[in-house]
>>> print(open('query09.txt').read())   # compact mmCIF, C-alpha atoms and all ligand atoms
# COMPACT_ATOMS: atom_id res chain seq x y z
CA MET S 1403 0.00 0.00 0.00
CA ARG S 1404 2.85 2.44 0.70
CA LYS S 1405 5.21 2.46 -2.25
CA TYR S 1406 8.84 2.81 -1.17
CA LEU S 1407 10.43 6.13 -2.03
CA ILE S 1408 14.17 5.98 -2.63
CA ALA S 1409 15.35 9.57 -2.49
CA GLY S 1410 18.73 11.15 -3.11
CA ASN S 1411 19.82 14.49 -1.67
CA TRP S 1412 22.84 15.77 -3.57
CA LYS S 1413 23.31 18.73 -1.20
CA MET S 1414 25.89 21.19 -2.64
CA HIS S 1415 27.43 18.67 -5.01
CA LYS S 1416 27.66 18.31 -8.79
CA THR S 1417 28.02 20.74 -11.66
CA VAL S 1418 25.69 20.42 -14.65
CA LYS S 1419 28.28 18.27 -16.44
CA GLU S 1420 28.58 15.95 -13.44
CA ALA S 1421 24.80 15.73 -13.08
CA LYS S 1422 24.44 14.72 -16.74
CA GLU S 1423 27.12 12.06 -16.29
CA PHE S 1424 25.31 10.71 -13.23
CA PHE S 1425 22.07 10.32 -15.17
CA GLU S 1426 23.77 8.69 -18.16
CA ASN S 1427 25.06 5.98 -15.85
CA PHE S 1428 22.07 5.71 -13.54
CA LEU S 1429 19.50 5.59 -16.34
CA ARG S 1430 21.54 2.94 -18.14
CA LYS S 1431 21.24 0.76 -15.03
CA LEU S 1432 17.50 1.49 -14.75
CA LYS S 1433 17.01 0.32 -18.35
CA GLU S 1434 18.43 -3.07 -17.35
CA LYS S 1435 16.09 -3.50 -14.39
CA THR S 1436 13.50 -1.45 -12.54
CA VAL S 1437 11.70 -2.46 -9.36
CA ASP S 1438 8.39 -1.25 -7.99
CA ARG S 1439 9.82 1.65 -5.99
CA GLU S 1440 9.66 5.37 -6.59
CA ILE S 1441 12.89 7.30 -7.16
CA MET S 1442 13.57 10.94 -6.40
CA ILE S 1443 16.75 12.96 -6.82
CA ALA S 1444 17.13 16.43 -5.33
CA PRO S 1445 20.01 18.14 -7.14
CA PRO S 1446 21.26 21.66 -6.45
CA PHE S 1447 18.98 24.33 -7.98
CA THR S 1448 21.61 25.09 -10.65
CA CYS S 1449 21.28 21.56 -12.07
CA LEU S 1450 17.48 21.41 -12.16
CA PHE S 1451 17.14 22.41 -15.81
CA ALA S 1452 19.63 19.77 -16.99
CA CYS S 1453 18.19 17.13 -14.66
CA ALA S 1454 14.63 17.86 -15.83
CA GLU S 1455 15.76 17.18 -19.40
CA ALA S 1456 17.60 14.02 -18.33
CA VAL S 1457 14.72 12.42 -16.42
CA LYS S 1458 11.96 13.19 -18.95
CA GLY S 1459 10.12 9.92 -19.71
CA THR S 1460 11.99 7.96 -17.02
CA PRO S 1461 10.76 6.70 -13.63
CA VAL S 1462 12.83 9.35 -11.81
CA SER S 1463 11.10 12.31 -10.12
CA LEU S 1464 12.91 15.49 -9.22
CA GLY S 1465 13.11 17.10 -5.82
CA ALA S 1466 14.42 20.43 -4.61
CA GLN S 1467 16.44 20.95 -1.44
CA ASN S 1468 14.40 23.86 -0.10
CA ALA S 1469 11.77 26.41 -1.16
CA CYS S 1470 10.37 29.72 -0.05
CA TRP S 1471 6.79 30.10 1.16
CA GLU S 1472 5.91 32.94 -1.22
CA PRO S 1473 5.36 32.58 -4.98
CA LYS S 1474 7.51 35.66 -5.74
CA GLY S 1475 8.80 38.85 -4.20
CA ALA S 1476 11.68 40.46 -2.35
CA PHE S 1477 13.30 37.34 -0.89
CA THR S 1478 16.93 37.52 -1.99
CA GLY S 1479 18.55 34.13 -2.30
CA GLU S 1480 15.29 32.17 -2.19
CA ILE S 1481 13.53 30.05 -4.82
CA SER S 1482 9.73 29.77 -4.94
CA PRO S 1483 7.61 26.65 -5.39
CA GLU S 1484 6.24 28.23 -8.58
CA MET S 1485 9.77 28.45 -10.00
CA LEU S 1486 10.44 24.83 -9.11
CA LYS S 1487 7.32 23.73 -10.95
CA GLU S 1488 8.90 24.96 -14.19
CA PHE S 1489 11.38 22.09 -13.85
CA GLU S 1490 8.79 19.41 -13.10
CA VAL S 1491 9.91 19.27 -9.48
CA LYS S 1492 7.56 17.08 -7.44
CA TYR S 1493 9.14 16.91 -3.97
CA VAL S 1494 10.78 19.57 -1.79
CA ILE S 1495 13.01 18.67 1.15
CA ILE S 1496 12.21 21.00 4.05
CA GLY S 1497 13.88 21.27 7.45
CA HIS S 1498 16.94 19.20 6.61
CA SER S 1499 19.25 19.14 9.63
CA GLU S 1500 21.84 21.18 7.72
CA ARG S 1501 19.22 23.91 7.21
CA ARG S 1502 18.29 23.74 10.89
CA HIS S 1503 21.78 23.53 12.36
CA ILE S 1504 24.06 25.39 9.93
CA PHE S 1505 21.61 28.01 8.66
CA GLY S 1506 19.54 28.40 11.80
CA GLU S 1507 16.14 27.59 10.30
CA THR S 1508 13.59 27.42 13.08
CA ASP S 1509 10.46 25.31 13.33
CA GLU S 1510 8.52 28.48 12.53
CA ILE S 1511 10.41 29.10 9.25
CA ILE S 1512 10.18 25.42 8.40
CA ASN S 1513 6.43 25.47 8.97
CA LYS S 1514 6.10 28.44 6.59
CA ARG S 1515 8.09 26.56 3.96
CA VAL S 1516 6.02 23.38 4.42
CA LYS S 1517 2.81 25.36 4.04
CA GLY S 1518 4.06 27.22 0.96
CA VAL S 1519 5.18 24.03 -0.75
CA PHE S 1520 2.04 22.13 0.21
CA SER S 1521 -0.33 24.84 -0.97
CA ALA S 1522 1.56 25.12 -4.27
CA GLY S 1523 0.78 21.45 -4.91
CA LEU S 1524 4.32 20.17 -4.38
CA VAL S 1525 5.09 17.43 -1.86
CA PRO S 1526 7.03 18.52 1.22
CA VAL S 1527 9.53 16.01 2.60
CA LEU S 1528 9.68 17.27 6.17
CA CYS S 1529 12.89 16.20 7.91
CA VAL S 1530 12.98 15.65 11.65
CA GLY S 1531 15.60 14.17 13.94
CA GLU S 1532 17.50 14.55 17.17
CA THR S 1533 21.15 15.44 17.83
CA LEU S 1534 23.44 13.03 19.65
CA GLU S 1535 23.21 15.16 22.79
CA GLU S 1536 19.41 15.02 22.66
CA ARG S 1537 19.43 11.25 22.14
CA GLU S 1538 21.81 10.71 25.02
CA ALA S 1539 19.63 12.89 27.23
CA GLY S 1540 16.62 10.68 26.40
CA LYS S 1541 14.89 13.47 24.47
CA THR S 1542 14.55 11.83 21.04
CA PHE S 1543 10.76 11.46 21.14
CA ASP S 1544 10.22 14.94 22.58
CA VAL S 1545 12.37 16.55 19.89
CA VAL S 1546 10.71 14.64 17.06
CA LYS S 1547 7.24 15.35 18.47
CA THR S 1548 7.89 19.10 18.61
CA GLN S 1549 9.43 19.19 15.13
CA LEU S 1550 6.38 17.37 13.73
CA GLU S 1551 3.79 19.43 15.59
CA GLU S 1552 5.47 22.73 14.78
CA GLY S 1553 6.49 21.83 11.24
CA LEU S 1554 2.99 20.64 10.32
CA ARG S 1555 1.05 23.33 12.21
CA GLY S 1556 -1.93 24.53 10.17
CA ILE S 1557 -1.64 21.76 7.56
CA SER S 1558 -4.78 19.74 6.89
CA GLY S 1559 -6.21 17.53 4.18
CA VAL S 1560 -3.03 15.52 3.66
CA SER S 1561 -2.82 12.16 1.92
CA GLY S 1562 -0.13 9.62 1.18
CA GLU S 1563 0.45 11.45 -2.08
CA THR S 1564 0.93 14.92 -0.62
CA LEU S 1565 3.20 14.58 2.39
CA VAL S 1566 6.39 12.67 3.18
CA ILE S 1567 8.29 12.67 6.48
CA ALA S 1568 11.99 11.83 6.77
CA TYR S 1569 13.47 10.75 10.09
CA GLU S 1570 17.12 11.69 10.01
CA PRO S 1571 18.98 11.44 13.31
CA VAL S 1572 21.52 14.28 13.12
CA TRP S 1573 24.27 12.07 14.55
CA ALA S 1574 23.87 9.65 11.64
CA ILE S 1575 24.00 12.18 8.77
CA GLY S 1576 27.25 12.09 6.85
CA THR S 1577 29.02 10.44 9.79
CA GLY S 1578 29.07 6.83 8.68
CA LYS S 1579 27.08 5.97 11.84
CA THR S 1580 23.66 4.52 11.08
CA ALA S 1581 20.80 4.01 13.47
CA THR S 1582 20.22 0.28 13.82
CA PRO S 1583 17.10 -0.86 11.97
CA LEU S 1584 15.36 -1.30 15.34
CA GLN S 1585 16.39 2.14 16.63
CA ALA S 1586 15.01 3.65 13.43
CA GLN S 1587 11.80 1.57 13.49
CA GLU S 1588 11.07 2.67 17.06
CA VAL S 1589 11.12 6.34 16.04
CA HIS S 1590 9.24 5.68 12.78
CA GLN S 1591 6.48 3.96 14.72
CA PHE S 1592 6.33 6.95 17.07
CA ILE S 1593 6.12 9.31 14.06
CA ARG S 1594 3.27 7.29 12.57
CA GLU S 1595 1.35 7.45 15.85
CA LYS S 1596 1.92 11.19 15.97
CA LEU S 1597 0.70 11.54 12.37
CA LYS S 1598 -2.43 9.58 13.36
CA GLU S 1599 -3.10 12.05 16.16
CA LEU S 1600 -2.68 14.93 13.73
CA PHE S 1601 -4.38 13.56 10.62
CA GLY S 1602 -6.24 10.35 11.54
CA GLU S 1603 -6.13 7.04 9.67
CA VAL S 1604 -4.60 8.61 6.56
CA ALA S 1605 -1.32 8.39 8.50
CA ASP S 1606 -1.15 4.76 7.40
CA SER S 1607 -0.63 5.93 3.83
CA ILE S 1608 2.02 8.59 4.57
CA ARG S 1609 5.57 7.54 3.77
CA ILE S 1610 8.21 7.92 6.45
CA LEU S 1611 11.77 7.72 5.11
CA TYR S 1612 14.90 6.97 7.08
CA GLY S 1613 18.05 9.00 6.41
CA GLY S 1614 21.53 8.83 7.88
CA SER S 1615 24.51 7.10 6.25
CA VAL S 1616 22.36 4.75 4.17
CA LYS S 1617 24.52 2.59 1.90
CA PRO S 1618 23.95 -0.45 -0.33
CA GLU S 1619 25.14 -2.66 2.55
CA ASN S 1620 22.60 -1.46 5.13
CA ALA S 1621 19.65 -0.38 2.95
CA GLY S 1622 18.03 -3.84 2.81
CA SER S 1623 17.76 -4.30 6.58
CA ILE S 1624 16.52 -0.73 7.06
CA LEU S 1625 13.82 -1.12 4.39
CA GLU S 1626 12.60 -4.35 6.01
CA GLN S 1627 11.22 -2.46 9.00
CA PRO S 1628 7.41 -2.15 9.00
CA ASP S 1629 7.24 1.64 9.40
CA ILE S 1630 10.16 2.51 7.13
CA ASP S 1631 8.84 3.36 3.69
CA GLY S 1632 11.99 4.41 1.94
CA VAL S 1633 15.29 6.16 2.45
CA LEU S 1634 16.71 9.64 2.04
CA VAL S 1635 20.30 9.23 0.93
CA GLY S 1636 23.01 11.89 0.95
CA GLY S 1637 26.59 10.79 0.19
CA ALA S 1638 25.77 7.47 -1.48
CA SER S 1639 23.27 9.12 -3.86
CA LEU S 1640 26.13 10.89 -5.64
CA ASP S 1641 27.35 7.61 -7.06
CA PRO S 1642 25.04 6.06 -9.69
CA GLU S 1643 26.11 2.50 -8.89
CA LYS S 1644 25.63 2.87 -5.14
CA PHE S 1645 22.32 4.69 -5.51
CA TYR S 1646 21.06 2.02 -7.89
CA ASP S 1647 22.10 -0.71 -5.45
CA ILE S 1648 20.19 1.07 -2.68
CA TYR S 1649 17.16 1.35 -4.98
CA THR S 1650 17.16 -2.41 -5.56
CA ALA S 1651 18.35 -3.43 -2.07
CA GLY S 1652 16.55 -6.49 -0.73
CA THR S 1653 14.59 -7.14 -3.97
C1 LIG S 1701 21.07 13.47 4.05
O1 LIG S 1701 21.69 14.36 3.52
O2 LIG S 1701 19.85 13.60 4.17
C2 LIG S 1701 21.78 12.28 4.53
C3 LIG S 1701 21.09 11.38 5.17
O3 LIG S 1701 23.13 12.20 4.27
P1 LIG S 1701 24.05 10.87 4.36
O4 LIG S 1701 23.31 9.77 3.64
O5 LIG S 1701 25.32 11.26 3.66
O6 LIG S 1701 24.24 10.56 5.80
>>> encode(input="query09.txt", output="structure tokens")
Amino acid sequence: MRKYLIAGNWKMHKTVKEAKEFFENFLRKLKEKTVDREIMIAPPFTCLFACAEAVKGTPVSLGAQNACWEPKGAFTGEISPEMLKEFEVKYVIIGHSERRHIFGETDEIINKRVKGVFSAGLVPVLCVGETLEEREAGKTFDVVKTQLEEGLRGISGVSGETLVIAYEPVWAIGTGKTATPLQAQEVHQFIREKLKELFGEVADSIRILYGGSVKPENAGSILEQPDIDGVLVGGASLDPEKFYDIYTAGT
């Protein structure tokens, strides 16, 4: 019922030339074998035009790594959901831990972004997750609960097609440390219960992705967990072979 979403976040990596090379290799592998999972790649904004051309007619959807809440205006340095739609972008990652912790985005800003993306008809991928300090202090569930409640404040009428959540423990992002499948499942189950409180039974159709040092070697055991509906992959999504192996992991 929930189709896995295998998502790549390229962060601030790849020029247009490198993005085209990635797709040449990745799409060649997809031609050999596809599985019944959805694929999303979120390149830097500067590569969106080239990536939109590359993925036309393929099973790959495009994502963006952030978006403003307004359609246009005096917002230097921002990109609007309307602009992203020109490149067939479907998903927008919001509240990634790097936005929260390096650029100081608050739950309030993140909520504005989620609302802007949602009302423009794009699918927000709202990222939540605790730091190591918070985990060690036993605050994981409190942190995730607040990030969900605040990030989704004022949102209603969601479905499995219009909202995605990504649980990304900050201590596991880009560190090589991965939450064990059971550690991740425990938080995913908590997130699903929270989504049920907020939105009712539709929560059973909302995909909750795990992110944090996902690689071909650990993707299969992570995806086996009942409340894990896909992965959000940083580093390993830059390599077409590794990303393909994650896409097919466990099949
Ligand atoms: C991410 O950027 O969302 C991420 C999970 O990164 P990595 O896979 O490199 O840990």
>>> residues_around(input="query09.txt", residues="S:Gly1559", least_positions_apart="3", cutoff="10 Å", atoms="all atoms listed in the file", output="ChimeraX atom specification")
/S:1564,1601,1604
>>> residues_near_ligand(input="query09.txt", ligand="ligand LIG 1701 (chain S)", cutoff="7 Å", atoms="all atoms listed in the file", output="JSON list (two decimals) with C-alpha atoms, in the frame of the given file")
[["chain", "number", "residue", "atom", "x", "y", "z"],
["S", 1411, "ASN", "CA", 19.82, 14.49, -1.67],
["S", 1413, "LYS", "CA", 23.31, 18.73, -1.20],
["S", 1498, "HIS", "CA", 16.94, 19.20, 6.61],
["S", 1570, "GLU", "CA", 17.12, 11.69, 10.01],
["S", 1574, "ALA", "CA", 23.87, 9.65, 11.64],
["S", 1575, "ILE", "CA", 24.00, 12.18, 8.77],
["S", 1576, "GLY", "CA", 27.25, 12.09, 6.85],
["S", 1577, "THR", "CA", 29.02, 10.44, 9.79],
["S", 1578, "GLY", "CA", 29.07, 6.83, 8.68],
["S", 1613, "GLY", "CA", 18.05, 9.00, 6.41],
["S", 1614, "GLY", "CA", 21.53, 8.83, 7.88],
["S", 1615, "SER", "CA", 24.51, 7.10, 6.25],
["S", 1616, "VAL", "CA", 22.36, 4.75, 4.17],
["S", 1634, "LEU", "CA", 16.71, 9.64, 2.04],
["S", 1635, "VAL", "CA", 20.30, 9.23, 0.93],
["S", 1636, "GLY", "CA", 23.01, 11.89, 0.95],
["S", 1637, "GLY", "CA", 26.59, 10.79, 0.19],
["S", 1638, "ALA", "CA", 25.77, 7.47, -1.48]]
>>> residues_around(input="query09.txt", residues="S:Glu1643", least_positions_apart="6", cutoff="10 Å", atoms="only C-alpha atoms", output="PyMOL selection string")
chain S and resi 1424+1427-1428+1431+1618+1649
>>> write_last_selection(input="query09.txt", atoms="C-alpha atoms", output="tab-separated table (two decimals), keeping the file's coordinate frame")
chain	number	residue	atom	x	y	z
S	1424	PHE	CA	25.31	10.71	-13.23
S	1427	ASN	CA	25.06	5.98	-15.85
S	1428	PHE	CA	22.07	5.71	-13.54
S	1431	LYS	CA	21.24	0.76	-15.03
S	1618	PRO	CA	23.95	-0.45	-0.33
S	1649	TYR	CA	17.16	1.35	-4.98
>>> closest_residue(input="query09.txt", among="S:Glu1599, S:Glu1507, S:Glu1551, S:Glu1472", to="S:Ser1521", atoms="all atoms listed in the file")
S:Glu1472
>>> residues_around(input="query09.txt", residues="S:Lys1416", least_positions_apart="3", cutoff="9 Å", atoms="only C-alpha atoms", output="number ranges by chain")
S: 1412-1413, 1419-1421, 1445-1446, 1449, 1640
>>> closest_residue(input="query09.txt", among="S:Thr1582, S:Asn1620, S:Gln1587, S:Thr1417", to="S:Tyr1569", atoms="all atoms listed in the file")
S:Gln1587
>>> closest_residue(input="query09.txt", among="S:Leu1584, S:Ile1593, S:Leu1528, S:Ile1624", to="S:Thr1542", atoms="all atoms listed in the file")
S:Ile1593
>>> closest_residue(input="query09.txt", among="S:Glu1595, S:Glu1563, S:Asp1606, S:Asp1629", to="S:Glu1440", atoms="all atoms listed in the file")
S:Glu1563
>>> atom_distance(input="query09.txt", atom1="atom CA of S:Ala1568", atom2="atom CA of S:Leu1429")
25.1 Å
>>> atom_distance(input="query09.txt", atom1="atom CA of S:Met1403", atom2="atom CA of S:Asp1641")
29.3 Å
>>> atom_distance(input="query09.txt", atom1="atom CA of S:Tyr1646", atom2="atom CA of S:Val1572")
24.3 Å
